[in-house]
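Here the structure comes first, spelled out in structure tokens, and everything after it is commentary.
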Amino acid sequence: MGSRFEITVVSTNEELGYINIEEAIAEITRIENLISAWNPDSETSLINKNAGIKPVKVSSELINLIERAKQVSNITDGAFDISYSSLDKVWKFDGSMEDLPTPEEIKKSISKIGYEKIILDKDAKTVFLEQKGMKISFGAMGKGYAADKAKSLLMSKQVIAGLINAGGDLTTWGTKASGEKWLIGIANPLNKDRIFSWLPIVESSVATSGNYEKYVTFNGKRYSHIIDPRTGYPSSGINSVSIFAKDAELCDALATAVYIMGVDTGLSLINQLAETEVIIVDDKNKMFKSDGVMFESTGN
């Protein structure tokens, strides 16, 4: 999935702990082989190859994942959309861009995007992309899904506690070996190396989207690498979004969506969702949080 996974388990037996970690790695590899758009033999690649041609029979697991992705698209008005990968690369964040893309180029680049054009038939277990050239990918929720599945597997093996870090998307269960809660440090917006506050996460997950390194600047305006699939333009106005919820998959998807939706719309959405919270830092380094966020203690 292009990310580093770190797995921590709490175990009374070191050898058993390592066996559990190997089992979690095998599960993450299985998920990657299912959802990777880079693997030509995956079910996802098969769906993409047959875009505009015919429906493709896939596993119930993939159908259900796509169905949940479409539900997130629905509640975010398309700010999250797994068909974004058909976006033509008119924006480049490798230093090679000299001019802004024209409105015509941008309009053309988003012509094949649209979650409503992903047709699911749960009875026949098929997925059909209506338009030729359409593509789906799980870059904005796959890591979270893999972390959830690995956690679920470990819990079924009676692993009492652990933490899975999927490239910055975290999911936890139980407590540390010391009995303390797992704590997530929230960086001070004015100094990324200092912790503003600590948040306990119990049986919970967190994912962050940010514009840290990848962006371009034109006429003094900064454009992030996170592009709104509805408009084809990069999102602006936000530095980072951290979502807290039970499932890493939902955190992963909503972090991207809220980043695109902006502070007001994003906060409004999260405040309507049960057991889901957000911390947003805007491009002026001002912090916003949803109604349920309580900082446990303030550090330096």
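Residues in the structure tokens are numbered from 1 in each chain, the chains being A, B, ... in the order shown, and ligands are numbered from 1 in the order shown.
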Within 9 Å of Lys92 (chain A) using only C-alpha atoms, minus same-chain residues under 6 positions, as a ChimeraX atom specification
/A:215-216,225
I'd like the contact shell of Asn48 (chain A) - 7 Å cut-off, only C-alpha atoms, skipping same-chain residues fewer than 5 positions apart - returned as an NGL selection string.
:A and (134-136)
For Ile7 (chain A): contacts at 8 Å, only C-alpha atoms, fewer than 4 positions along chain excluded, given as a ChimeraX atom specification:
/A:21,24,162-165
Include C-alpha atoms and write out the residues we just selected as a PDB file, in the first residue's frame.
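Final output, saved to out.pdb:
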ATOM      1  CA  ILE A  21       2.610 -10.176  14.499  1.00  0.00           C
ATOM      2  CA  ALA A  24      -1.187  -9.730  11.213  1.00  0.00           C
ATOM      3  CA  GLY A 162      -2.035  -3.678  20.759  1.00  0.00           C
ATOM      4  CA  LEU A 163      -1.476  -0.792  18.399  1.00  0.00           C
ATOM      5  CA  ILE A 164      -1.242  -0.834  14.596  1.00  0.00           C
ATOM      6  CA  ASN A 165       0.324   2.147  12.845  1.00  0.00           C
TER       7      ASN A 165
END
Taking the DSSP secondary structure from the backbone, can you list the residues of region 80-123 of chain A that are strand (DSSP E), as number ranges by chain?
A: 118-121
Residue nearest Trp91 (chain A) among A:Ile47, A:Ile110, A:Ile119, A:Ala253 (counting only C-alpha atoms):
A:Ile110
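The residue that comes closest to Ile66 (chain A), out of A:Gly237, A:Gly95, A:Pro101, A:Gly142 and on the basis of only C-alpha atoms, is A:Gly142.
Comparing A:Thr217, A:Ser209, A:Thr126, A:Ser137 by their smallest distance to Met97 (chain A), the closest is A:Thr217 (using only C-alpha atoms).
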Given the choices A:Ile75, A:Val281, A:Val9, A:Ile118, which gets closest to Thr172 (chain A) if the distance is worked out from only C-alpha atoms?
A:Val9
Ranking A:Val241, A:Met261, A:Leu120, A:Ile53 by minimum distance to Ile280 (chain A) and counting only C-alpha atoms, which one comes first?
A:Val241
Contacts of region 173-190 of chain A within 6 Å, only C-alpha atoms, excl. fewer than 5 positions in-chain, as a PyMOL selection string
chain A and resi 161-162+195-201+203+285
